[in-house]
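Trainee: Before I ask anything, here is the structure I am working with.
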Protein chains: 4
Amino acid sequence: MAAPPPIRLGMVGGGEGAFIGAVHRTAARLDGQFALVAGALASTPERARASGQALGLAADRVYDDFETMAAQEAAREDGVQAVAIVTPNHMHAAPACAFLDRGIHVICDKPLAATREDARAIAEAAVRSDALFVLTHNYTGYPMVRAARELVASGALGQVRVVQVEYAQDWLTEPVANKQADWRSDPARAGAGAVGDIGTHAFNLAEFVTGLRVESLAAELSSFVTGRKVDDNAHLMLRFDGGARGQLWASQVAVGNENALRLRVHGAKGGLEWEQEAPDRLWFTPYGEQKRLMTRGGAGSGSAADRLTRIPAGHPEGYIEALANLYVEAARAIRAHGDGGATPDVHFPTLGDGLRGMAFIDACLRSSARDAAWTVLEP
Amino acid sequence: MAAPPPIRLGMVGGGEGAFIGAVHRTAARLDGQFALVAGALASTPERARASGQALGLAADRVYDDFETMAAQEAAREDGVQAVAIVTPNHMHAAPACAFLDRGIHVICDKPLAATREDARAIAEAAVRSDALFVLTHNYTGYPMVRAARELVASGALGQVRVVQVEYAQDWLTEPVANKQADWRSDPARAGAGAVGDIGTHAFNLAEFVTGLRVESLAAELSSFVTGRKVDDNAHLMLRFDGGARGQLWASQVAVGNENALRLRVHGAKGGLEWEQEAPDRLWFTPYGEQKRLMTRGGAGSGSAADRLTRIPAGHPEGYIEALANLYVEAARAIRAHGDGGATPDVHFPTLGDGLRGMAFIDACLRSSARDAAWTVLEP
Amino acid sequence: MAAPPPIRLGMVGGGEGAFIGAVHRTAARLDGQFALVAGALASTPERARASGQALGLAADRVYDDFETMAAQEAAREDGVQAVAIVTPNHMHAAPACAFLDRGIHVICDKPLAATREDARAIAEAAVRSDALFVLTHNYTGYPMVRAARELVASGALGQVRVVQVEYAQDWLTEPVANKQADWRSDPARAGAGAVGDIGTHAFNLAEFVTGLRVESLAAELSSFVTGRKVDDNAHLMLRFDGGARGQLWASQVAVGNENALRLRVHGAKGGLEWEQEAPDRLWFTPYGEQKRLMTRGGAGSGSAADRLTRIPAGHPEGYIEALANLYVEAARAIRAHGDGGATPDVHFPTLGDGLRGMAFIDACLRSSARDAAWTVLEP
Amino acid sequence: MAAPPPIRLGMVGGGEGAFIGAVHRTAARLDGQFALVAGALASTPERARASGQALGLAADRVYDDFETMAAQEAAREDGVQAVAIVTPNHMHAAPACAFLDRGIHVICDKPLAATREDARAIAEAAVRSDALFVLTHNYTGYPMVRAARELVASGALGQVRVVQVEYAQDWLTEPVANKQADWRSDPARAGAGAVGDIGTHAFNLAEFVTGLRVESLAAELSSFVTGRKVDDNAHLMLRFDGGARGQLWASQVAVGNENALRLRVHGAKGGLEWEQEAPDRLWFTPYGEQKRLMTRGGAGSGSAADRLTRIPAGHPEGYIEALANLYVEAARAIRAHGDGGATPDVHFPTLGDGLRGMAFIDACLRSSARDAAWTVLEP
């Protein structure tokens with residue numbers, strides 16, 4: 001049977017000098033499910049055009065701004081079917097709405113937005129639109145994260161009691177000035193600091209794997225570097241529905257850490273541990289038995305992991321593959337959307353997850369402002 | 001030069017069926033600095049006598065109760081010079097006072113007591129007495145914990161910003177009934193649950209290594225097993241003097257953990273990590289450089305570790321050796337006490353540490369009762 | 001500046017059901033440097049056509065056999081510039097010669113061939129041809145393998161003394177019958193067993209990193225599974241030029257191993273360790289100092305690693321990225337070849353490496369047949 | 001029931017400045033089964049007396065030489081029941097014979113002797129004597145080594161196929177001059193270099209755990225440091241009875257290694273891995289299942305490990321405890337020897353193991369002299 005043609009993809013942001021846009025392009029390309037055909041890649045026409053040329057886009061599909069792009073692509077027979085939005089947080093809402101409103105699927109970087117108003121705008125556009133909205137909380141694309149979720153859902157851990165999640169980095173230990181750091185440490189463009197940039201990942205991972213929802217939290221946000229306007233360290237206590245309790249730590253000043261995202265879940269019958277820096281491994285301990293090493297592609301890792309596995313056990317897959325898995329899931333959903341078919345196994349972070357993330361950031365800021373008082377996550 | 005004769009040691013508690021008493025005897029014996037010569041080993045005369053006989057003690061130095069022992073040993077020319085108290089928490093104060101009041105040095109298991117009243121009584125006795133009081137927060141006896149402390153004190157980490165400490169076990173995941181578990185889960189005998197039994201270790205380790213003091217904390221204590229009267233999981237946020245922030249997790253229901261005591265300290269210039277289950281290793285990262293593995297006996301581990309090292313790098317020393325190090329330190333202090341000499345390098349947990357531990361437990365209970373409100377540690 | 005158009009790539013082998021072909025396609029696609037446009041993908045016309053259609057190739061560029069493909073592609077203006085050969089070992093020589101003789105660059109899976117005659121034929125064709133020959137010893141594509149090589153070359157280890165290399169798998173622990181296992185355990189199609197399939201990788205890695213050449217070896221090949229016609233375990237001793245000594249172990253019956261390729265090099269001044277299953281990490285110990293963890297993208301990892309690094313430290317890159325790095329290197333060399341430019345930093349395994357691998361297999365078989373007598377590698 | 005009094009122990013060697021003697025004394029003391037009461041501790045009377053005084057021995061039991069000690073202790077009613085011989089290798093035979101001939105149990109450091117003549121002399125004395133001979137191949141005292149042996153014996157691994165064992169150190173990377181290094185690098189006093197000092201440990205461990213015997217070996221001994229008279233690196237291939245094949249590596253110039261003794265055993269049904277530097281852990285993989293972490297004191301570790309376990313899982317026991325376990329086993333055997341009782345569970349390395357070790361060293365030297373030709377181990 002002939003392979004379906006690649007899905008026509010556009011990109012907003014991700015021009016020269018941007019980091020995450022290039023990663024998205026690589027991930028989108030990995031499995032041959034998408035072809036990048038158009039873009040509004042930068043905030044000035046000159047840089048937008050240079051970036052488009054560098055990527056080999058046709059000149060008439062390199063746009064100066066996303067509004068023009070949305071309008072013209074929607075009008076083309078061969079216009080983009082989906083668009084990846086990889087701009088800074090405060091620039092998510094406008095393009096997301098523009099494309100959703102034209103029925104073009106949106107794949108948007110996380111967190112959803114810099115403000116709750118922006119988030120609401122996206123949510124309303126999504127309701128109006130028939131198009132899909134995919135949020136790239138990329139760590140949920142790791143096969144062994146899927147295995148962890150499946151393990152919890154299977155009851156192998158029993159009722160979840162304790163959830164420990166952390167995301168530690170050290171790249172903001174000292175004052176940093178560059179494109180990546182600048183917007184991330186500007187309250188207006190980022191919305192929050194560590195808690196928004198990486199805390200949301202940790203939060204999303206905890207909810208994704210456990211299937212539980214955080215009801216309330218107590219947060220102590222700190223800013224250790226002189227002159228920094230957003231938090232660079234966040235300590236949280238979590239209360240989940242159903243009675244589980246947790247801790248979350250997000251830090252960008254934890255010297256000795258690169259991208260140390262780590263999740264541990266302990267239930268009445270078992271416990272599991274996963275670390276992003278060794279993502280093909282999942283440790284599972286049934287209570288009273290020996291700890292077991294589950295591996296991507298290895299014995300008993302389960303169908304949720306297997307369906308996102310490209311190569312055999314022992315040959316590592318990494319971060320790009322995880323993000324690519326979300327693009328693969330998006331492609332499946334987009335094709336099924338066209339066909340009207342169902343895709344019961346397909347999972348990707350949704351608008352709902354994005355709104356949860358916004359509620360999380362908001363609750364963190366409110367709690368921290370009230371001396372870490374318990375604060376309910378408001379939808 | 002002739003080795004000095006061993007210090008004459010007595011023991012209160014630690015009779016047949018007790019766990020920690022046997023460990024103390026082994027540790028005290030390891031380096032030949034102590035000889036066990038007397039004991040009030042159990043709460044009934046029959047078991048006390050059987051225990052004494054099993055240990056090969058002279059019949060006239062096996063006592064039915066600690067009061068008799070204190071009185072008679074103090075009266076003997078060859079009476080005990082020091083006593084190890086290894087009873088459950090609520091049975092520390094009375095014997096401690098009895099021996100201190102007779103000028104006999106006390107080596108007492110942690111936490112200091114089950115109640116703050118008991119703790120105060122010990123403190124008052126210690127003030128009255130010329131004898132030494134040693135609290136066996138044994139994890140401070142590990143050489144690489146000493147190296148960590150020395151590293152922080154040297155300024156290699158810069159100003160400490162973030163302290164993450166945890167102690168996870170899983171042996172109370174289900175209801176347990178045995179001698180060890182019983183008293184530990186009885187509020188009257190233990191004072192608290194996980195927070196007292198292992199949380200105090202984590203707290204003490206954090207203060208010992210950083211040289212900082214926790215000013216206030218927010219604590220959420222949970223009891224996950226039906227019918228359990230004390231906490232089996234504790235989540236804390238910590239505020240240290242000088243501005244550092246931390247998290248502490250103590251759990252006895254964290255399936256997959258044996259004795260996972262782990263400390264991470266992150267400062268403005270460096271970070272370190274240590275785990276009790278691999279105690280001969282200390283990871284140190286100077287900011288912007290490669291992570292380094294420091295080992296007991298290995299290159300550059302420093303004099304604080306070296307002076308407590310028995311065998312070369314790569315041949316593991318363990319828990320018994322760490323506790324034995326406290327006995328060695330105690331022996332040095334006791335001998336110097338007799339000589340009036342100074343021992344500037346000798347470190348062991350003191351009454352002050354014990355009182356800190358009591359203040360910690362108290363603050364945890366008070367905070368948790370007030371929905372995890374920030375609570376100042378009261379001396 | 002506009003990105004150059006992708007290099008037009010053909011493929012021989014890699015049709016439906018094949019494993020390694022799909023991996024090559026993914027790796028070739030990852031960085032956008034190649035576009036697959038033609039193929040002779042399977043050994044029967046039906047399967048070849050179905051495979052081509054599944055990949056979305058134009059019908060006129062799906063060939064029934066590689067001879068037709070070579071002839072017709074060479075005649076097209078838009079014909080393939082390079083071809084990837086991913087057939088079983090005994091099917092490498094004929095297509096390699098066919099394409100080399102038409103001036104089309106060849107990217108060939110390892111080992112070079114099933115017999116030394118085949119290897120010679122390829123070598124002669126390469127001499128005749130102006131085209132490049134790239135052998136995909138993919139492990140040399142890992143950035144930290146490059147860093148290891150750079151470290152040795154810099155003199156940081158001093159003179160190399162001891163080289164320990166191993167590649168352990170367990171997938172042939174029991175008799176296996178499937179497409180992958182079948183040809184690999186057929187002496188006529190594979191040439192050798194574990195020693196050819198994975199031993200050559202270990203051998204290549206050792207020579208690549210140390211810059212030394214194995215002069216002679218003593219080999220004990222074993223076949224532990226009843227009925228197996230090729231070796232499934234190989235034990236070797238190695239003598240390198242310059243006096244270094246080594247051991248090599250290749251096994252496909254080592255239960256508990258997935259793809260445990262591991263290299264350790266010890267010199268007069270330092271030692272290093274690398275493992276394929278955690279490829280972003282390299283351990284380096286300067287003699288008398290603390291062990292250091294070097295990471296892909298991390299501090300001090302050096303330019304050889306940095307130039308093959310896509311994403312920041314702590315976000316893992318894996319096996320596909322390593323193979324893709326060889327495709328990237330090949331693309332650089334192919335473009336420079338067209339320009340007549342020099343590419344001093346570009347490294348990829350060459351025909352010379354392939355011939356070394358053949359000499360290695362040959363020496364193993366001869367040594368093992370003579371009771372593991374020392375045997376010189378013959379060029 | 002009253003504990004039996006400690007066994008009266010003497011020591012030959014181990015005076016001031018010696019390393020291993022102090023370790024033996026500590027291990028002997030750990031469990032209270034032995035009391036050191038006499039010694040011929042050094043090779044000159046002055047140092048012997050000073051050493052005895054430093055240890056607090058009675059003056060009349062500090063001997064100038066072992067002959068006098070053997071004669072006088074044998075004549076005392078309260079004479080030593082056992083003697084620990086901790087002299088350099090070439091000084092084992094004479095004291096061993098002197099004590100065995102007087103019916104005094106001998107606990108002797110490994111390897112058995114510096115020459116096969118010496119070994120034979122000990123063997124003959126042992127045959128003549130009723131006393132026990134215990135060889136302190138201390139790594140067999142680790143509980144998880146016992147668990148590994150039990151696992152193999154249980155059939156859980158199926159027929160053993162491949163055995164990989166190595167012992168890597170780096171302390172002789174450069175020329176070293178001190179008491180420990182001097183006699184170890186003198187052929188006359190040590191008999192051999194790395195192969196004798198640590199190769200014998202690796203060899204013994206492999207035979208102990210697998211229950212197999214090495215029939216023949218091929219050895220390449222090297223001496224990398226200029227002026228060194230004995231080997232500092234040894235590469236071996238092993239053939240076991242029953243058809244298993246193995247590799248052994250012993251090195252004292254492997255920069256980056258402290259005491260990296262590591263054993264891997266792979267059978268038809270399972271595989272195991274153990275490392276001395278993390279001795280409380282044993283990895284076991286049943287073929288086709290997930291890897292499992294067995295821990296000392298943990299679930300399912302088996303009775304062989306449990307009977308040598310002092311403290312709960314997660315509180316590390318180390319090297320001293322392992323050596324102490326051999327003393328505990330020796331004590332059990334010595335007491336049973338007196339009672340005529342049987343001790344079916346007691347295991348310690350015997351004279352037979354010592355003779356195996358001598359045959360191993362001898363075969364290594366002979367093989368290496370013949371260009372690593374296969375050489376049968378001669379009993």
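For the structure tokens, the naming scheme is as follows: chains receive sequential letters (A, B, ...) according to their order of presentation, residues are indexed from 1 within each chain, and ligands are indexed from 1 in presentation order.
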Check the DSSP output for the backbone and give back, as an MDAnalysis selection string, the residues of region 173-271 of chain C in strand (DSSP E or B).

Mentor: chainID C and resid 214:222 233:240 245:251 260:267 270:271

Trainee: Kindly determine which residues of chain C lie within 6 Å of chain D, considering only C-alpha atoms, and give the answer as a compact mmCIF listing (two decimals) with C-alpha atoms, in the first residue's frame.

Mentor:
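Output file result-v6.txt follows:
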# COMPACT_ATOMS: atom_id res chain seq x y z
CA ALA C 254 25.32 -12.96 27.09
CA VAL C 255 21.98 -12.99 28.89
CA GLY C 256 21.17 -9.64 30.41
CA HIS C 266 44.06 3.10 29.90
CA GLY C 270 44.84 8.71 32.17
CA GLY C 271 41.93 6.42 31.49
CA THR C 285 40.28 10.03 34.87
CA TYR C 287 45.95 9.69 36.83

Trainee: Please, which residues of region 310-352 of chain B, numbered as in this document, come out helix (DSSP H, G or I) from DSSP, as a CSV table (one decimal) with C-alpha atoms, in the first residue's frame?

Mentor:
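As written to disk, part_30.csv reads:
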chain,number,residue,atom,x,y,z
B,319,TYR,CA,27.0,1.7,57.8
B,320,ILE,CA,28.6,-0.1,60.7
B,321,GLU,CA,31.9,1.7,60.0
B,322,ALA,CA,30.0,5.1,60.0
B,323,LEU,CA,28.5,4.4,63.4
B,324,ALA,CA,31.8,3.1,64.6
B,325,ASN,CA,33.3,6.4,63.5
B,326,LEU,CA,31.0,8.1,66.0
B,327,TYR,CA,32.3,5.7,68.6
B,328,VAL,CA,35.8,6.5,67.6
B,329,GLU,CA,35.1,10.2,67.9
B,330,ALA,CA,33.4,9.6,71.2
B,331,ALA,CA,36.5,7.7,72.4
B,332,ARG,CA,38.8,10.5,71.4
B,333,ALA,CA,36.6,13.0,73.2
B,334,ILE,CA,36.3,10.9,76.3
B,335,ARG,CA,40.0,10.3,76.5
B,336,ALA,CA,40.7,14.0,75.9
B,337,HIS,CA,38.1,14.8,78.5
B,338,GLY,CA,40.0,12.9,81.0
B,339,ASP,CA,43.3,14.5,80.0
B,351,LEU,CA,22.9,17.5,72.8
B,352,GLY,CA,22.5,20.6,70.8

Trainee: With a distance cut-off of 12 Å and only C-alpha atoms, select the neighbouring residues of Gly196 (chain A), excluding the residue or stretch itself and same-chain residues fewer than 6 positions from it, and output the selection as an MDAnalysis selection string.

Mentor: chainID A and resid 88:89 110:115 167 184:187 189:190 202:204 221 230:234 250:252 354 356:365

Trainee: Would you write out those residues with N, CA and C atoms, as a short mmCIF file (atom, residue, chain, number, x, y, z; two decimals), in the first residue's frame?

Mentor:
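Final output, saved to out_5.cif:
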data_model
loop_
_atom_site.label_atom_id
_atom_site.label_comp_id
_atom_site.auth_asym_id
_atom_site.auth_seq_id
_atom_site.Cartn_x
_atom_site.Cartn_y
_atom_site.Cartn_z
N PRO A 88 8.24 32.62 21.37
CA PRO A 88 8.17 32.76 22.83
C PRO A 88 6.72 32.75 23.32
N ASN A 89 6.57 32.46 24.60
CA ASN A 89 5.24 32.21 25.17
C ASN A 89 4.20 33.31 24.87
N LYS A 110 5.02 24.53 24.42
CA LYS A 110 4.49 24.80 25.76
C LYS A 110 5.33 25.85 26.46
N PRO A 111 4.89 26.49 27.52
CA PRO A 111 3.52 26.43 28.02
C PRO A 111 2.57 27.12 27.04
N LEU A 112 1.29 26.92 27.28
CA LEU A 112 0.27 27.37 26.33
C LEU A 112 0.42 28.84 26.00
N ALA A 113 0.68 29.67 27.01
CA ALA A 113 0.72 31.11 26.77
C ALA A 113 1.41 31.79 27.94
N ALA A 114 1.60 33.10 27.81
CA ALA A 114 2.24 33.85 28.89
C ALA A 114 1.23 34.35 29.90
N THR A 115 -0.02 34.47 29.47
CA THR A 115 -1.06 34.97 30.39
C THR A 115 -2.30 34.10 30.27
N TYR A 167 12.55 18.85 38.21
CA TYR A 167 13.23 19.20 36.97
C TYR A 167 14.32 20.19 37.37
N ARG A 184 12.97 34.24 28.36
CA ARG A 184 12.54 33.38 29.46
C ARG A 184 12.61 34.09 30.80
N SER A 185 13.44 35.13 30.90
CA SER A 185 13.52 35.82 32.20
C SER A 185 12.81 37.17 32.18
N ASP A 186 12.00 37.37 31.19
CA ASP A 186 11.21 38.59 31.12
C ASP A 186 9.77 38.23 31.49
N PRO A 187 9.27 38.75 32.62
CA PRO A 187 7.92 38.38 33.07
C PRO A 187 6.87 38.58 31.98
N ARG A 189 7.14 38.41 28.70
CA ARG A 189 7.17 37.46 27.59
C ARG A 189 7.04 36.00 28.03
N ALA A 190 7.52 35.69 29.22
CA ALA A 190 7.49 34.31 29.66
C ALA A 190 6.32 34.00 30.58
N ALA A 202 7.27 19.29 34.54
CA ALA A 202 7.23 18.36 35.67
C ALA A 202 5.79 18.09 36.09
N PHE A 203 5.03 19.17 36.16
CA PHE A 203 3.62 19.07 36.53
C PHE A 203 2.85 18.20 35.52
N ASN A 204 3.06 18.49 34.24
CA ASN A 204 2.37 17.74 33.20
C ASN A 204 2.75 16.26 33.25
N LEU A 221 8.34 30.27 45.52
CA LEU A 221 9.16 30.62 44.37
C LEU A 221 10.29 31.53 44.83
N VAL A 230 12.20 36.97 37.40
CA VAL A 230 11.31 35.82 37.55
C VAL A 230 11.97 34.79 38.45
N ASP A 231 11.19 33.81 38.85
CA ASP A 231 11.71 32.78 39.74
C ASP A 231 12.72 31.92 39.01
N ASP A 232 13.76 31.49 39.75
CA ASP A 232 14.70 30.52 39.18
C ASP A 232 14.75 29.24 40.00
N ASN A 233 13.91 29.19 41.01
CA ASN A 233 13.79 27.97 41.82
C ASN A 233 12.38 27.92 42.39
N ALA A 234 11.77 26.76 42.32
CA ALA A 234 10.41 26.60 42.83
C ALA A 234 10.30 25.33 43.66
N ALA A 250 11.43 22.58 40.82
CA ALA A 250 11.94 23.04 39.53
C ALA A 250 13.02 24.07 39.82
N SER A 251 14.16 23.87 39.22
CA SER A 251 15.26 24.80 39.49
C SER A 251 16.10 25.00 38.25
N GLN A 252 16.54 26.22 38.06
CA GLN A 252 17.49 26.51 36.99
C GLN A 252 18.83 26.99 37.55
N GLY A 354 -2.75 22.18 28.28
CA GLY A 354 -2.22 23.54 28.27
C GLY A 354 -2.92 24.41 29.29
N ARG A 356 -4.41 23.32 31.97
CA ARG A 356 -3.94 22.86 33.28
C ARG A 356 -2.61 23.52 33.62
N GLY A 357 -1.73 23.59 32.66
CA GLY A 357 -0.42 24.21 32.89
C GLY A 357 -0.56 25.66 33.28
N MET A 358 -1.49 26.37 32.61
CA MET A 358 -1.70 27.77 32.95
C MET A 358 -2.26 27.90 34.36
N ALA A 359 -3.18 27.01 34.69
CA ALA A 359 -3.75 27.04 36.04
C ALA A 359 -2.66 26.75 37.07
N PHE A 360 -1.75 25.87 36.69
CA PHE A 360 -0.63 25.52 37.58
C PHE A 360 0.26 26.74 37.83
N ILE A 361 0.65 27.41 36.75
CA ILE A 361 1.51 28.59 36.91
C ILE A 361 0.81 29.65 37.76
N ASP A 362 -0.44 29.85 37.43
CA ASP A 362 -1.22 30.85 38.15
C ASP A 362 -1.31 30.53 39.65
N ALA A 363 -1.56 29.28 39.94
CA ALA A 363 -1.66 28.88 41.35
C ALA A 363 -0.30 29.03 42.04
N CYS A 364 0.76 28.71 41.34
CA CYS A 364 2.10 28.89 41.93
C CYS A 364 2.34 30.35 42.30
N LEU A 365 2.03 31.23 41.36
CA LEU A 365 2.28 32.65 41.61
C LEU A 365 1.42 33.14 42.77
#

Trainee: Need the shell around Glu150 (chain D): protein/DNA/RNA residues with any atom at most 8 Å away, counting only C-alpha atoms. Skip same-chain ones fewer than 3 positions apart. Format as a list in words?

Mentor: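 So the residues in contact are Arg146, Ala147, Ala153, Ser154, Val209, Gly302 and Ala304 of chain D.
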
Trainee: Please measure the separation of CA of Val83 (chain C) and CA of Pro6 (chain A), giving the value in Å to one decimal.

Mentor: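 Calculated distance between CA of Val83 (chain C) and CA of Pro6 (chain A) is 22.8 Å.
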
Trainee: When you look at region 52-61 of chain D with a cut-off of 9 Å (counting only C-alpha atoms), what residues show up, excluding the ones that are within fewer than 2 positions of it in the same chain? I need them as an NGL selection string.

Mentor: (:B and (1-5)) or (:D and (15-16 or 36-41 or 47-50 or 63 or 69 or 72-73))

Trainee: Report as a short mmCIF file (atom, residue, chain, number, x, y, z; two decimals) with C-alpha atoms, in the first residue's frame all protein, DNA and RNA residues lying within 6 Å of region 131-135 of chain C, evaluated on only C-alpha atoms, omitting residues in the same chain fewer than 6 positions from it.

Mentor:
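Output contents, as saved in around23.cif:
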data_model
loop_
_atom_site.label_atom_id
_atom_site.label_comp_id
_atom_site.auth_asym_id
_atom_site.auth_seq_id
_atom_site.Cartn_x
_atom_site.Cartn_y
_atom_site.Cartn_z
CA GLY C 103 30.71 7.47 -10.33
CA ILE C 104 27.92 7.29 -7.79
CA HIS C 105 28.95 7.64 -4.13
CA VAL C 106 28.35 4.55 -2.02
CA ILE C 107 27.26 4.46 1.61
CA CYS C 108 27.56 0.81 2.63
CA ASP C 109 26.53 -1.04 5.76
CA PRO C 349 34.66 5.10 8.28
CA THR C 350 36.21 4.41 4.92
#

Trainee: Using only C-alpha atoms, which residue out of D:Glu46, D:Glu277, D:Glu317, D:Glu117 lies closest to Gly297 (chain D)?

Mentor: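 For Gly297 (chain D), the nearest of the candidates is D:Glu317.
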
Trainee: Give me the residues near region 17-19 of chain D as a list in words, where near means some atom within 10 Å (using only C-alpha atoms) and where sequence neighbours in that chain fewer than 4 positions away do not count.

Mentor: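 Near neighbours after the sequence-gap exclusion: Arg310, Ile311 and Pro312 of chain B; Gly13, Val23, His24, Leu41, Ala42, Arg47, Ser51, Val86, Thr87, Pro88, Lys179 and Gln180 of chain D.
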
Trainee: Output C-alpha atoms for every residue in that selection, as a PDB file, in the first residue's frame.

Mentor:
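The result, written out as selection-v4.pdb:
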ATOM      1  CA  ARG B 310      40.269   2.714  57.571  1.00  0.00           C
ATOM      2  CA  ILE B 311      40.916   0.986  54.276  1.00  0.00           C
ATOM      3  CA  PRO B 312      41.897   2.133  50.791  1.00  0.00           C
TER       4      PRO B 312
ATOM      5  CA  GLY D  13      52.906 -10.364  60.721  1.00  0.00           C
ATOM      6  CA  VAL D  23      42.322  -5.089  58.558  1.00  0.00           C
ATOM      7  CA  HIS D  24      42.387  -8.687  59.743  1.00  0.00           C
ATOM      8  CA  LEU D  41      54.094  -9.211  64.550  1.00  0.00           C
ATOM      9  CA  ALA D  42      57.225  -8.082  62.796  1.00  0.00           C
ATOM     10  CA  ARG D  47      59.373  -3.713  65.947  1.00  0.00           C
ATOM     11  CA  SER D  51      53.748  -3.545  67.746  1.00  0.00           C
ATOM     12  CA  VAL D  86      49.342 -11.914  57.341  1.00  0.00           C
ATOM     13  CA  THR D  87      52.955 -11.786  56.197  1.00  0.00           C
ATOM     14  CA  PRO D  88      54.093 -11.296  52.591  1.00  0.00           C
ATOM     15  CA  LYS D 179      56.111  -1.231  51.987  1.00  0.00           C
ATOM     16  CA  GLN D 180      53.023  -2.570  50.229  1.00  0.00           C
TER      17      GLN D 180
END
